[in-house]
>>> print(open('protein-v8.pdb').read())   # PDB, C-alpha atoms and all ligand atoms
ATOM      1  CA  MET A1382     107.117 122.478 123.081
ATOM      2  CA  ILE A1383     107.731 123.582 119.496
ATOM      3  CA  GLN A1384     105.355 125.862 117.647
ATOM      4  CA  ILE A1385     106.124 127.035 114.122
ATOM      5  CA  ASN A1386     103.730 129.413 112.363
ATOM      6  CA  HIS A1387     103.969 130.213 108.661
ATOM      7  CA  LEU A1388     107.741 130.223 108.651
ATOM      8  CA  HIS A1389     109.318 131.497 105.471
ATOM      9  CA  LYS A1390     112.924 131.884 104.367
ATOM     10  CA  GLN A1391     114.027 133.544 101.200
ATOM     11  CA  TYR A1392     117.615 133.580  99.963
ATOM     12  CA  LYS A1393     117.831 136.259  97.274
ATOM     13  CA  GLY A1394     115.424 134.923  94.625
ATOM     14  CA  LEU A1395     115.001 131.469  96.160
ATOM     15  CA  ASN A1396     112.230 130.417  98.531
ATOM     16  CA  ALA A1397     114.056 127.828 100.622
ATOM     17  CA  VAL A1398     111.212 127.377 103.144
ATOM     18  CA  LYS A1399     107.625 128.296 102.340
ATOM     19  CA  ASP A1400     104.809 128.841 104.805
ATOM     20  CA  LEU A1401     105.871 126.054 107.137
ATOM     21  CA  SER A1402     103.736 125.398 110.210
ATOM     22  CA  LEU A1403     104.205 122.654 112.777
ATOM     23  CA  THR A1404     103.267 121.914 116.368
ATOM     24  CA  LEU A1405     105.123 119.408 118.515
ATOM     25  CA  GLU A1406     104.256 118.379 122.077
ATOM     26  CA  ALA A1407     106.817 117.600 124.758
ATOM     27  CA  GLY A1408     108.215 114.119 124.126
ATOM     28  CA  ASP A1409     107.443 114.095 120.418
ATOM     29  CA  ILE A1410     110.075 112.692 118.111
ATOM     30  CA  PHE A1411     109.618 114.304 114.724
ATOM     31  CA  GLY A1412     111.260 112.778 111.657
ATOM     32  CA  PHE A1413     111.959 115.554 109.179
ATOM     33  CA  ILE A1414     112.339 113.926 105.812
ATOM     34  CA  GLY A1415     113.174 115.373 102.438
ATOM     35  CA  PRO A1416     115.564 115.118  99.527
ATOM     36  CA  ASN A1417     118.691 117.254  99.103
ATOM     37  CA  GLY A1418     117.957 120.949  99.014
ATOM     38  CA  ALA A1419     114.420 120.552 100.392
ATOM     39  CA  GLY A1420     114.872 123.076 103.201
ATOM     40  CA  LYS A1421     115.514 120.848 106.225
ATOM     41  CA  THR A1422     118.733 122.514 107.342
ATOM     42  CA  THR A1423     117.296 125.971 106.698
ATOM     43  CA  THR A1424     114.291 125.193 108.920
ATOM     44  CA  ILE A1425     116.414 123.686 111.674
ATOM     45  CA  LYS A1426     118.815 126.643 111.640
ATOM     46  CA  MET A1427     115.916 129.057 112.060
ATOM     47  CA  LEU A1428     114.761 127.071 115.117
ATOM     48  CA  ALA A1429     118.329 127.022 116.401
ATOM     49  CA  THR A1430     118.348 130.873 116.258
ATOM     50  CA  LEU A1431     121.196 130.833 113.738
ATOM     51  CA  LEU A1432     119.197 132.123 110.797
ATOM     52  CA  LYS A1433     116.563 134.857 110.772
ATOM     53  CA  PRO A1434     113.274 133.926 109.126
ATOM     54  CA  THR A1435     112.095 136.200 106.317
ATOM     55  CA  SER A1436     108.638 136.006 107.866
ATOM     56  CA  GLY A1437     106.646 133.868 110.276
ATOM     57  CA  THR A1438     107.262 132.985 113.907
ATOM     58  CA  ALA A1439     108.599 130.081 115.923
ATOM     59  CA  PHE A1440     108.476 129.317 119.630
ATOM     60  CA  ILE A1441     110.411 126.784 121.642
ATOM     61  CA  ASP A1442     109.085 126.022 125.101
ATOM     62  CA  GLY A1443     106.933 129.113 124.679
ATOM     63  CA  ILE A1444     109.889 131.388 123.897
ATOM     64  CA  ASP A1445     110.140 133.345 120.664
ATOM     65  CA  VAL A1446     113.242 132.331 118.695
ATOM     66  CA  ILE A1447     113.427 135.721 117.014
ATOM     67  CA  GLU A1448     112.785 137.928 120.041
ATOM     68  CA  GLN A1449     114.698 135.940 122.675
ATOM     69  CA  PRO A1450     117.365 133.842 120.986
ATOM     70  CA  GLU A1451     119.595 133.707 124.088
ATOM     71  CA  ALA A1452     116.840 132.180 126.199
ATOM     72  CA  VAL A1453     116.060 129.661 123.460
ATOM     73  CA  ARG A1454     119.698 128.565 123.183
ATOM     74  CA  GLY A1455     119.723 127.349 126.773
ATOM     75  CA  ARG A1456     116.808 125.055 125.998
ATOM     76  CA  ILE A1457     117.977 123.539 122.739
ATOM     77  CA  GLY A1458     120.772 121.234 121.698
ATOM     78  CA  TYR A1459     121.642 121.725 118.049
ATOM     79  CA  MET A1460     123.706 119.180 116.183
ATOM     80  CA  PRO A1461     124.579 120.499 112.735
ATOM     81  CA  ALA A1462     125.082 118.288 109.718
ATOM     82  CA  PHE A1463     128.677 119.490 109.458
ATOM     83  CA  PHE A1464     130.436 120.332 112.659
ATOM     84  CA  GLY A1465     133.858 121.539 113.560
ATOM     85  CA  ILE A1466     136.068 119.523 115.840
ATOM     86  CA  TYR A1467     139.053 121.218 117.438
ATOM     87  CA  ASP A1468     142.411 119.508 117.145
ATOM     88  CA  ASP A1469     144.933 119.408 119.982
ATOM     89  CA  MET A1470     142.164 119.000 122.496
ATOM     90  CA  ARG A1471     141.284 115.955 124.523
ATOM     91  CA  VAL A1472     137.746 114.587 124.509
ATOM     92  CA  TRP A1473     137.029 115.764 128.062
ATOM     93  CA  GLU A1474     138.529 119.192 127.324
ATOM     94  CA  TYR A1475     136.293 119.594 124.314
ATOM     95  CA  LEU A1476     133.247 118.907 126.448
ATOM     96  CA  ASP A1477     134.560 121.081 129.283
ATOM     97  CA  PHE A1478     134.901 123.956 126.821
ATOM     98  CA  PHE A1479     131.228 123.704 125.859
ATOM     99  CA  ALA A1480     130.154 123.167 129.477
ATOM    100  CA  GLY A1481     131.867 126.482 130.195
ATOM    101  CA  ALA A1482     130.205 128.152 127.226
ATOM    102  CA  TYR A1483     126.842 127.071 128.633
ATOM    103  CA  ARG A1484     127.934 128.424 132.032
ATOM    104  CA  LEU A1485     127.627 125.143 133.902
ATOM    105  CA  PRO A1486     129.007 125.561 137.432
ATOM    106  CA  LYS A1487     132.664 124.461 137.551
ATOM    107  CA  ASN A1488     132.219 121.891 140.307
ATOM    108  CA  ASN A1489     129.422 120.143 138.349
ATOM    109  CA  ARG A1490     131.307 119.822 135.090
ATOM    110  CA  PRO A1491     133.334 116.617 135.726
ATOM    111  CA  ARG A1492     130.167 114.729 136.665
ATOM    112  CA  VAL A1493     128.181 116.075 133.691
ATOM    113  CA  ILE A1494     131.038 115.255 131.308
ATOM    114  CA  ASP A1495     131.166 111.678 132.609
ATOM    115  CA  ASP A1496     127.377 111.406 132.241
ATOM    116  CA  VAL A1497     127.322 112.428 128.585
ATOM    117  CA  LEU A1498     130.391 110.290 127.826
ATOM    118  CA  ASN A1499     128.694 107.279 129.377
ATOM    119  CA  LEU A1500     125.509 107.956 127.461
ATOM    120  CA  THR A1501     127.339 108.208 124.142
ATOM    121  CA  ASP A1502     129.593 105.249 124.979
ATOM    122  CA  LEU A1503     132.754 107.314 124.786
ATOM    123  CA  ILE A1504     133.886 107.133 128.387
ATOM    124  CA  GLY A1505     136.845 104.967 127.343
ATOM    125  CA  LYS A1506     138.070 107.781 125.075
ATOM    126  CA  LYS A1507     137.878 110.521 127.673
ATOM    127  CA  ASP A1508     141.617 111.273 127.639
ATOM    128  CA  ASN A1509     142.179 110.702 123.924
ATOM    129  CA  TYR A1510     142.777 113.558 121.548
ATOM    130  CA  VAL A1511     139.719 114.401 119.468
ATOM    131  CA  GLU A1512     141.601 113.837 116.213
ATOM    132  CA  GLU A1513     142.270 110.240 117.298
ATOM    133  CA  LEU A1514     138.559 109.415 117.137
ATOM    134  CA  SER A1515     136.918 107.731 114.153
ATOM    135  CA  THR A1516     134.156 109.515 112.220
ATOM    136  CA  GLY A1517     131.450 107.657 114.121
ATOM    137  CA  MET A1518     133.041 108.487 117.459
ATOM    138  CA  LYS A1519     133.332 112.158 116.480
ATOM    139  CA  GLN A1520     129.655 112.096 115.603
ATOM    140  CA  ARG A1521     128.880 110.716 119.064
ATOM    141  CA  LEU A1522     131.160 113.314 120.643
ATOM    142  CA  CYS A1523     129.202 116.029 118.839
ATOM    143  CA  LEU A1524     126.021 114.533 120.245
ATOM    144  CA  ALA A1525     127.610 114.469 123.722
ATOM    145  CA  LYS A1526     128.390 118.181 123.304
ATOM    146  CA  THR A1527     124.781 118.765 122.205
ATOM    147  CA  LEU A1528     123.551 117.174 125.457
ATOM    148  CA  ILE A1529     125.960 118.856 127.872
ATOM    149  CA  HIS A1530     123.491 121.461 129.177
ATOM    150  CA  ASP A1531     120.643 118.925 129.397
ATOM    151  CA  PRO A1532     118.409 120.684 126.832
ATOM    152  CA  LYS A1533     114.716 119.891 126.588
ATOM    153  CA  VAL A1534     114.724 120.088 122.810
ATOM    154  CA  LEU A1535     117.174 118.446 120.426
ATOM    155  CA  LEU A1536     117.591 119.631 116.846
ATOM    156  CA  LEU A1537     119.574 116.945 115.066
ATOM    157  CA  ASP A1538     120.430 117.592 111.445
ATOM    158  CA  GLU A1539     121.276 114.287 109.763
ATOM    159  CA  PRO A1540     123.083 112.895 112.773
ATOM    160  CA  ALA A1541     123.596 109.474 111.171
ATOM    161  CA  SER A1542     125.195 110.610 107.927
ATOM    162  CA  GLY A1543     128.663 109.213 107.338
ATOM    163  CA  LEU A1544     128.174 106.286 109.699
ATOM    164  CA  ASP A1545     128.565 102.627 108.832
ATOM    165  CA  PRO A1546     125.544 100.328 109.240
ATOM    166  CA  ARG A1547     126.678  99.184 112.666
ATOM    167  CA  ALA A1548     127.297 102.709 113.907
ATOM    168  CA  ARG A1549     123.883 103.717 112.573
ATOM    169  CA  ILE A1550     122.271 101.039 114.691
ATOM    170  CA  GLU A1551     124.237 102.162 117.728
ATOM    171  CA  ILE A1552     123.296 105.790 117.326
ATOM    172  CA  LYS A1553     119.669 104.737 116.869
ATOM    173  CA  GLU A1554     119.814 103.017 120.257
ATOM    174  CA  LEU A1555     121.101 106.270 121.655
ATOM    175  CA  PHE A1556     118.150 108.195 120.193
ATOM    176  CA  LYS A1557     115.807 105.709 121.824
ATOM    177  CA  GLU A1558     117.471 106.462 125.163
ATOM    178  CA  LEU A1559     117.010 110.187 124.588
ATOM    179  CA  LYS A1560     113.392 109.538 123.753
ATOM    180  CA  ALA A1561     113.012 107.615 127.027
ATOM    181  CA  MET A1562     114.502 110.625 128.823
ATOM    182  CA  GLY A1563     111.537 112.666 127.583
ATOM    183  CA  LYS A1564     113.404 114.930 125.172
ATOM    184  CA  THR A1565     111.527 116.546 122.304
ATOM    185  CA  ILE A1566     113.477 115.817 119.153
ATOM    186  CA  ILE A1567     113.522 116.976 115.567
ATOM    187  CA  ILE A1568     115.720 114.717 113.494
ATOM    188  CA  SER A1569     116.300 115.155 109.796
ATOM    189  CA  SER A1570     117.316 112.471 107.357
ATOM    190  CA  HIS A1571     116.856 111.160 103.895
ATOM    191  CA  ILE A1572     117.346 107.646 105.175
ATOM    192  CA  LEU A1573     113.775 106.946 105.994
ATOM    193  CA  PRO A1574     113.412 103.470 107.444
ATOM    194  CA  GLU A1575     115.906 104.499 110.103
ATOM    195  CA  LEU A1576     113.462 106.961 111.557
ATOM    196  CA  ALA A1577     110.424 104.711 111.526
ATOM    197  CA  ASP A1578     111.319 102.888 114.758
ATOM    198  CA  PHE A1579     111.346 105.792 117.093
ATOM    199  CA  CYS A1580     109.547 108.733 115.474
ATOM    200  CA  ASN A1581     105.919 109.209 116.449
ATOM    201  CA  LYS A1582     105.506 112.106 114.033
ATOM    202  CA  VAL A1583     106.901 112.723 110.629
ATOM    203  CA  GLY A1584     106.882 115.464 108.022
ATOM    204  CA  ILE A1585     107.952 115.346 104.423
ATOM    205  CA  ILE A1586     109.392 118.485 102.895
ATOM    206  CA  GLU A1587     110.209 119.127  99.285
ATOM    207  CA  ARG A1588     111.296 122.358  97.584
ATOM    208  CA  GLY A1589     110.592 124.251 100.780
ATOM    209  CA  GLU A1590     107.055 122.959 101.167
ATOM    210  CA  MET A1591     105.865 120.607 103.875
ATOM    211  CA  LEU A1592     103.858 118.137 101.782
ATOM    212  CA  VAL A1593     102.451 116.141 104.690
ATOM    213  CA  SER A1594     103.006 116.050 108.409
ATOM    214  CA  GLY A1595     101.406 114.371 111.371
ATOM    215  CA  ASP A1596     101.290 111.101 113.305
ATOM    216  CA  VAL A1597     103.183 108.317 111.578
ATOM    217  CA  SER A1598     100.157 106.033 111.824
ATOM    218  CA  ASP A1599      97.777 108.640 110.353
ATOM    219  CA  ILE A1600     100.048 109.292 107.422
ATOM    220  CA  MET A1601     100.496 105.587 106.809
ATOM    221  CA  ALA A1602      96.722 105.151 106.727
ATOM    222  CA  GLN A1603      96.410 108.099 104.372
ATOM    223  CA  VAL A1604      98.761 106.634 101.796
ATOM    224  CA  SER A1605      98.021 102.939 102.118
ATOM    225  CA  GLY A1606      95.061 103.160  99.737
ATOM    226  CA  GLY A1607      96.828 100.719  97.480
ATOM    227  CA  ARG A1608      99.000  97.891  98.739
ATOM    228  CA  THR A1609     102.095  96.344  97.296
ATOM    229  CA  LEU A1610     102.314  92.563  97.000
ATOM    230  CA  GLU A1611     105.533  90.600  96.875
ATOM    231  CA  ILE A1612     105.461  87.306  95.060
ATOM    232  CA  LYS A1613     108.280  84.820  94.702
ATOM    233  CA  LEU A1614     108.025  82.098  92.057
ATOM    234  CA  MET A1615     110.076  79.124  90.882
ATOM    235  CA  GLY A1616     110.969  80.685  87.506
ATOM    236  CA  ASP A1617     108.518  81.836  84.826
ATOM    237  CA  ASP A1618     108.588  85.447  86.009
ATOM    238  CA  ASP A1619     107.963  86.898  82.540
ATOM    239  CA  ARG A1620     104.801  84.879  82.014
ATOM    240  CA  ALA A1621     103.653  85.762  85.536
ATOM    241  CA  VAL A1622     104.063  89.491  84.901
ATOM    242  CA  SER A1623     101.858  89.391  81.813
ATOM    243  CA  LEU A1624      99.265  87.254  83.642
ATOM    244  CA  LEU A1625      99.264  89.632  86.597
ATOM    245  CA  GLU A1626      98.996  92.721  84.437
ATOM    246  CA  GLY A1627      95.729  91.434  83.054
ATOM    247  CA  ALA A1628      94.265  90.505  86.458
ATOM    248  CA  ASP A1629      91.564  92.414  88.345
ATOM    249  CA  GLY A1630      92.835  95.032  90.754
ATOM    250  CA  VAL A1631      96.418  94.946  89.489
ATOM    251  CA  LEU A1632      97.708  98.439  88.761
ATOM    252  CA  ALA A1633     101.217  97.384  87.803
ATOM    253  CA  ALA A1634     103.513  94.369  88.015
ATOM    254  CA  ARG A1635     107.291  94.251  87.746
ATOM    255  CA  GLN A1636     110.333  92.120  88.466
ATOM    256  CA  VAL A1637     112.542  93.348  91.303
ATOM    257  CA  ASN A1638     115.598  91.522  92.656
ATOM    258  CA  GLY A1639     114.393  88.020  91.877
ATOM    259  CA  HIS A1640     110.780  88.519  92.935
ATOM    260  CA  LEU A1641     107.671  90.186  91.577
ATOM    261  CA  GLN A1642     106.231  93.377  92.935
ATOM    262  CA  VAL A1643     102.584  94.132  92.294
ATOM    263  CA  ASP A1644     100.720  97.391  92.961
ATOM    264  CA  PHE A1645      97.292  96.184  93.922
ATOM    265  CA  SER A1646      94.047  97.992  94.648
ATOM    266  CA  GLY A1647      91.861  94.963  95.454
ATOM    267  CA  ASP A1648      90.643  93.809  98.875
ATOM    268  CA  LEU A1649      91.821  90.743 100.788
ATOM    269  CA  GLU A1650      89.447  88.423  98.936
ATOM    270  CA  ALA A1651      90.719  89.652  95.575
ATOM    271  CA  GLN A1652      94.237  89.151  96.888
ATOM    272  CA  ALA A1653      93.491  85.498  97.711
ATOM    273  CA  ASP A1654      91.950  85.047  94.241
ATOM    274  CA  LEU A1655      95.055  86.447  92.635
ATOM    275  CA  ASN A1656      97.160  83.861  94.436
ATOM    276  CA  LYS A1657      94.801  81.090  93.325
ATOM    277  CA  MET A1658      94.920  82.303  89.727
ATOM    278  CA  LEU A1659      98.714  82.079  89.676
ATOM    279  CA  ILE A1660      98.704  78.535  90.979
ATOM    280  CA  GLN A1661      95.930  77.457  88.617
ATOM    281  CA  SER A1662      97.948  78.853  85.722
ATOM    282  CA  GLY A1663     100.664  76.358  86.572
ATOM    283  CA  LEU A1664     103.037  78.816  88.231
ATOM    284  CA  ARG A1665     104.880  77.526  91.274
ATOM    285  CA  VAL A1666     104.444  80.067  94.064
ATOM    286  CA  LEU A1667     107.126  80.073  96.747
ATOM    287  CA  SER A1668     105.753  83.009  98.677
ATOM    288  CA  PHE A1669     102.968  85.547  98.388
ATOM    289  CA  SER A1670     102.874  88.411 100.829
ATOM    290  CA  GLU A1671     101.881  91.993 101.344
ATOM    291  CA  GLN A1672     104.651  94.488 101.720
ATOM    292  CA  GLU A1673     104.350  96.590 104.848
ATOM    293  CA  THR A1674     104.089 100.279 104.155
ATOM    294  CA  ASP A1675     107.056 102.008 105.625
ATOM    295  CA  LEU A1676     108.246 105.546 105.625
ATOM    296  CA  GLU A1677     110.134 104.981 102.417
ATOM    297  CA  ASP A1678     106.952 104.113 100.535
ATOM    298  CA  ILE A1679     105.217 107.119 102.011
ATOM    299  CA  PHE A1680     108.085 109.316 100.957
ATOM    300  CA  MET A1681     108.051 107.977  97.403
ATOM    301  CA  LYS A1682     104.286 108.355  97.119
ATOM    302  CA  VAL A1683     104.211 111.836  98.582
ATOM    303  CA  THR A1684     107.105 113.175  96.551
ATOM    304  CA  LYS A1685     105.612 111.705  93.373
ATOM    305  CA  GLY A1686     102.547 113.783  94.098
ATOM    306  CA  LEU A1687     100.313 110.772  94.824
ATOM    307  CA  VAL A1688      99.263 112.122  98.191
ATOM    308  CA  GLN A1689      98.542 115.644  99.312
TER     309      GLN A1689
HETATM  310  N1  LIG B1701     123.199 130.449 102.520
HETATM  311  C1  LIG B1701     122.437 130.182 101.444
HETATM  312  N2  LIG B1701     122.332 131.066 100.429
HETATM  313  C2  LIG B1701     121.556 130.804  99.350
HETATM  314  N3  LIG B1701     120.827 129.687  99.190
HETATM  315  C3  LIG B1701     120.904 128.767 100.170
HETATM  316  C4  LIG B1701     121.712 128.958 101.342
HETATM  317  N4  LIG B1701     121.577 127.867 102.126
HETATM  318  C5  LIG B1701     120.740 127.026 101.491
HETATM  319  N5  LIG B1701     120.323 127.559 100.307
HETATM  320  C6  LIG B1701     119.368 126.944  99.373
HETATM  321  O1  LIG B1701     118.169 126.687 100.071
HETATM  322  C7  LIG B1701     117.602 125.460  99.672
HETATM  323  C8  LIG B1701     117.388 124.568 100.881
HETATM  324  O2  LIG B1701     118.645 124.186 101.392
HETATM  325  P1  LIG B1701     118.799 123.324 102.729
HETATM  326  O3  LIG B1701     120.243 123.279 103.056
HETATM  327  O4  LIG B1701     117.880 123.853 103.760
HETATM  328  O5  LIG B1701     118.285 121.886 102.241
HETATM  329  P2  LIG B1701     118.330 120.476 102.996
HETATM  330  O6  LIG B1701     116.952 119.928 102.978
HETATM  331  O7  LIG B1701     119.002 120.616 104.302
HETATM  332  O8  LIG B1701     119.225 119.614 101.996
HETATM  333  P3  LIG B1701     120.306 118.448 102.285
HETATM  334  O9  LIG B1701     119.541 117.177 102.434
HETATM  335  O10 LIG B1701     121.126 118.458 101.034
HETATM  336  O11 LIG B1701     121.079 118.836 103.506
HETATM  337  C9  LIG B1701     118.539 124.895  98.613
HETATM  338  O12 LIG B1701     118.021 125.196  97.351
HETATM  339  C10 LIG B1701     119.839 125.620  98.864
HETATM  340  O13 LIG B1701     120.564 125.763  97.650
HETATM  341 MG    MG B1702     120.720 119.783 105.123
END
>>> encode(input="protein-v8.pdb", output="structure tokens", more="lines below")
Ligand SMILES: Nc1ncnc2c1ncn2[C@@H]1O[C@H](COP(=O)(O)OP(=O)(O)OP(=O)(O)O)[C@@H](O)[C@H]1O
Ligand SMILES: [Mg+2]
Amino acid sequence: MIQINHLHKQYKGLNAVKDLSLTLEAGDIFGFIGPNGAGKTTTIKMLATLLKPTSGTAFIDGIDVIEQPEAVRGRIGYMPAFFGIYDDMRVWEYLDFFAGAYRLPKNNRPRVIDDVLNLTDLIGKKDNYVEELSTGMKQRLCLAKTLIHDPKVLLLDEPASGLDPRARIEIKELFKELKAMGKTIIISSHILPELADFCNKVGIIERGEMLVSGDVSDIMAQVSGGRTLEIKLMGDDDRAVSLLEGADGVLAARQVNGHLQVDFSGDLEAQADLNKMLIQSGLRVLSFSEQETDLEDIFMKVTKGLVQ
């Protein structure tokens, strides 16, 4: 559904995106992760036909974004990181305006508008003025606009930025619904754990370079060479750190928010021995567990150059 080959974008002297290639199948949800200035928006804008690549090609649903931008636009829904909202317009009028821009037949529009308002949980605000909506509601309205022409592919650039924790959870539920509808989605973020639930693929970009990309599970396996242990003790943390630092398989030990965190390269048996050693040294162990690798760990490891 999305095919990117050696995409490159240069702004004057700066290489914002370098030799980026990616293939996504229909129904893939791709988490596009990277720090500020990494090149996420630049890449997404090239796919959205809003920015011409310096070199390379990209196809959406088999259509060349450079050669046939008009045809691509009918198939994509692009939600920019910063979007304009028109004042003095009611919610339904705003959507009707975009429905018209996408040339939806007039007699279909009221039904389609109700559909997207229901999906984004804004139906109760249909007759409100856009400026009366909260930030989170405006974000959902922008998503409703992005869905109005029922695109196969969604390009969502940091759609959860500026939302409170509750609104983030709500919008996540919405993404899961879109996933269930079979949409192919690229979603960018620097808030990584948020993407882990519903992305099946992920790519990490930094300084214009895609450092890793692929199935979430493959990438997790690739970076989980070492595990992180979390140990909670009844006091004595300082002594525990120096004991742990001298133990087999321990790469590093530190105190974090009232517990100990240990980078560990040993196997399960060595892990059990480590626990035993702590207890035999007179430390009182409240809990001893292995931290699950999540996208955040992967991101930290990859961007520190620990994985290629
Ligand atoms: N119009 C432009 N002219 C010149 N340089 C630009 C332009 N737009 C972006 N850049 C540069 O390209 C690089 C990539 O920017 P981009 O906006 O794609 O990053 P991003 O990953 O989306 O970052 P963020 O997480 O902050 O949104 C940055 O170094 C940025 O300064
Ligand atoms: Mg950006």
>>> resolve_selection(input="protein-v8.pdb", expression="the PyMOL selection byres (((chain A and resi 1446) around 12) and not hetatm)", output="PyMOL selection string")
chain A and resi 1383-1386+1388+1425-1434+1437-1445+1447-1457
>>> residues_around(input="protein-v8.pdb", residues="Trp1473 (chain A)", least_positions_apart="3", cutoff="12 Å", atoms="only C-alpha atoms", output="PyMOL selection string")
chain A and resi 1469-1470+1476-1480+1490-1499+1503-1511+1522+1525-1526+1529
>>> residues_near_point(input="protein-v8.pdb", point="(128.0, 103.5, 116.9)", cutoff="10 Å", atoms="all atoms listed in the file", output="list in words")
Thr1501, Asp1502, Leu1503, Thr1516, Gly1517, Met1518, Gln1520, Arg1521, Ala1541, Leu1544, Asp1545, Pro1546, Arg1547, Ala1548, Arg1549, Ile1550, Glu1551, Ile1552, Lys1553, Glu1554 and Leu1555 of chain A
>>> residues_around(input="protein-v8.pdb", residues="Val1593 (chain A)", least_positions_apart="6", cutoff="8 Å", atoms="all atoms listed in the file", output="PDB file with C-alpha atoms, in the coordinates of the input")
ATOM      1  CA  GLY A1584     106.882 115.464 108.022  1.00  0.00           C
ATOM      2  CA  ILE A1585     107.952 115.346 104.423  1.00  0.00           C
ATOM      3  CA  ILE A1586     109.392 118.485 102.895  1.00  0.00           C
ATOM      4  CA  ILE A1600     100.048 109.292 107.422  1.00  0.00           C
ATOM      5  CA  VAL A1683     104.211 111.836  98.582  1.00  0.00           C
ATOM      6  CA  GLN A1689      98.542 115.644  99.312  1.00  0.00           C
TER       7      GLN A1689
END
>>> closest_atom_pairs(input="protein-v8.pdb", of="chain A", to="ligand LIG 1701 (chain B)", cutoff="6 Å", atoms="all atoms listed in the file", output="Markdown table")
| residue | atom | partner | partner_atom | distance |
| --- | --- | --- | --- | --- |
| A:Tyr1392 | CA | B:LIG1701 | C2 | 4.9 |
| A:Ala1397 | CA | B:LIG1701 | O1 | 4.3 |
| A:Gly1415 | CA | B:LIG1701 | O6 | 5.9 |
| A:Pro1416 | CA | B:LIG1701 | O9 | 5.3 |
| A:Asn1417 | CA | B:LIG1701 | O10 | 3.3 |
| A:Gly1418 | CA | B:LIG1701 | O5 | 3.4 |
| A:Ala1419 | CA | B:LIG1701 | O6 | 3.7 |
| A:Gly1420 | CA | B:LIG1701 | O4 | 3.2 |
| A:Lys1421 | CA | B:LIG1701 | O6 | 3.7 |
| A:Thr1422 | CA | B:LIG1701 | O7 | 3.6 |
| A:Thr1423 | CA | B:LIG1701 | O4 | 3.7 |
>>> write_last_selection(input="protein-v8.pdb", atoms="C-alpha atoms", output="tab-separated table (two decimals), in the coordinates of the input")
chain	number	residue	atom	x	y	z
A	1392	TYR	CA	117.62	133.58	99.96
A	1397	ALA	CA	114.06	127.83	100.62
A	1415	GLY	CA	113.17	115.37	102.44
A	1416	PRO	CA	115.56	115.12	99.53
A	1417	ASN	CA	118.69	117.25	99.10
A	1418	GLY	CA	117.96	120.95	99.01
A	1419	ALA	CA	114.42	120.55	100.39
A	1420	GLY	CA	114.87	123.08	103.20
A	1421	LYS	CA	115.51	120.85	106.22
A	1422	THR	CA	118.73	122.51	107.34
A	1423	THR	CA	117.30	125.97	106.70
>>> atom_distance(input="protein-v8.pdb", atom1="CA of Glu1539 (chain A)", atom2="CA of Gly1458 (chain A)")
13.8 Å
>>> closest_residue(input="protein-v8.pdb", among="A:Ile1612, A:Ile1414, A:Ala1634, A:Leu1524", to="ligand MG 1702 (chain B)", atoms="only C-alpha atoms and all ligand atoms")
A:Ile1414
>>> closest_residue(input="protein-v8.pdb", among="A:Gln1391, A:Ser1402, A:Ser1594, A:Asn1656", to="Leu1624 (chain A)", atoms="all atoms listed in the file")
A:Asn1656
>>> residues_around(input="protein-v8.pdb", residues="Asp1617 (chain A)", least_positions_apart="4", cutoff="10 Å", atoms="all atoms listed in the file", output="JSON, numbers by chain")
{"A": [1621, 1622, 1663, 1664, 1665]}
>>> decode(input="protein-v8.pdb", residues="region 1624-1634 of chain A", atoms="N, CA and C atoms", output="tab-separated table (two decimals), in the first residue's frame")
chain	number	residue	atom	x	y	z
A	1624	LEU	N	27.01	-4.15	45.90
A	1624	LEU	CA	27.01	-5.62	45.79
A	1624	LEU	C	26.68	-6.06	44.36
A	1625	LEU	N	25.66	-5.42	43.80
A	1625	LEU	CA	25.22	-5.80	42.45
A	1625	LEU	C	26.29	-5.50	41.42
A	1626	GLU	N	26.95	-4.37	41.59
A	1626	GLU	CA	27.96	-3.98	40.59
A	1626	GLU	C	29.09	-4.99	40.49
A	1627	GLY	N	29.32	-5.70	41.60
A	1627	GLY	CA	30.38	-6.70	41.57
A	1627	GLY	C	29.91	-8.09	41.13
A	1628	ALA	N	28.60	-8.24	40.90
A	1628	ALA	CA	28.06	-9.58	40.62
A	1628	ALA	C	28.20	-9.96	39.14
A	1629	ASP	N	28.24	-11.28	38.91
A	1629	ASP	CA	28.36	-11.80	37.54
A	1629	ASP	C	27.20	-11.33	36.67
A	1630	GLY	N	27.50	-10.93	35.47
A	1630	GLY	CA	26.44	-10.61	34.51
A	1630	GLY	C	25.85	-9.21	34.65
A	1631	VAL	N	26.23	-8.50	35.73
A	1631	VAL	CA	25.67	-7.16	35.92
A	1631	VAL	C	26.51	-6.14	35.16
A	1632	LEU	N	25.86	-5.44	34.25
A	1632	LEU	CA	26.56	-4.43	33.45
A	1632	LEU	C	26.55	-3.08	34.17
A	1633	ALA	N	25.44	-2.81	34.85
A	1633	ALA	CA	25.32	-1.55	35.58
A	1633	ALA	C	24.17	-1.66	36.56
A	1634	ALA	N	24.28	-0.94	37.67
A	1634	ALA	CA	23.19	-0.90	38.65
A	1634	ALA	C	23.02	0.53	39.12
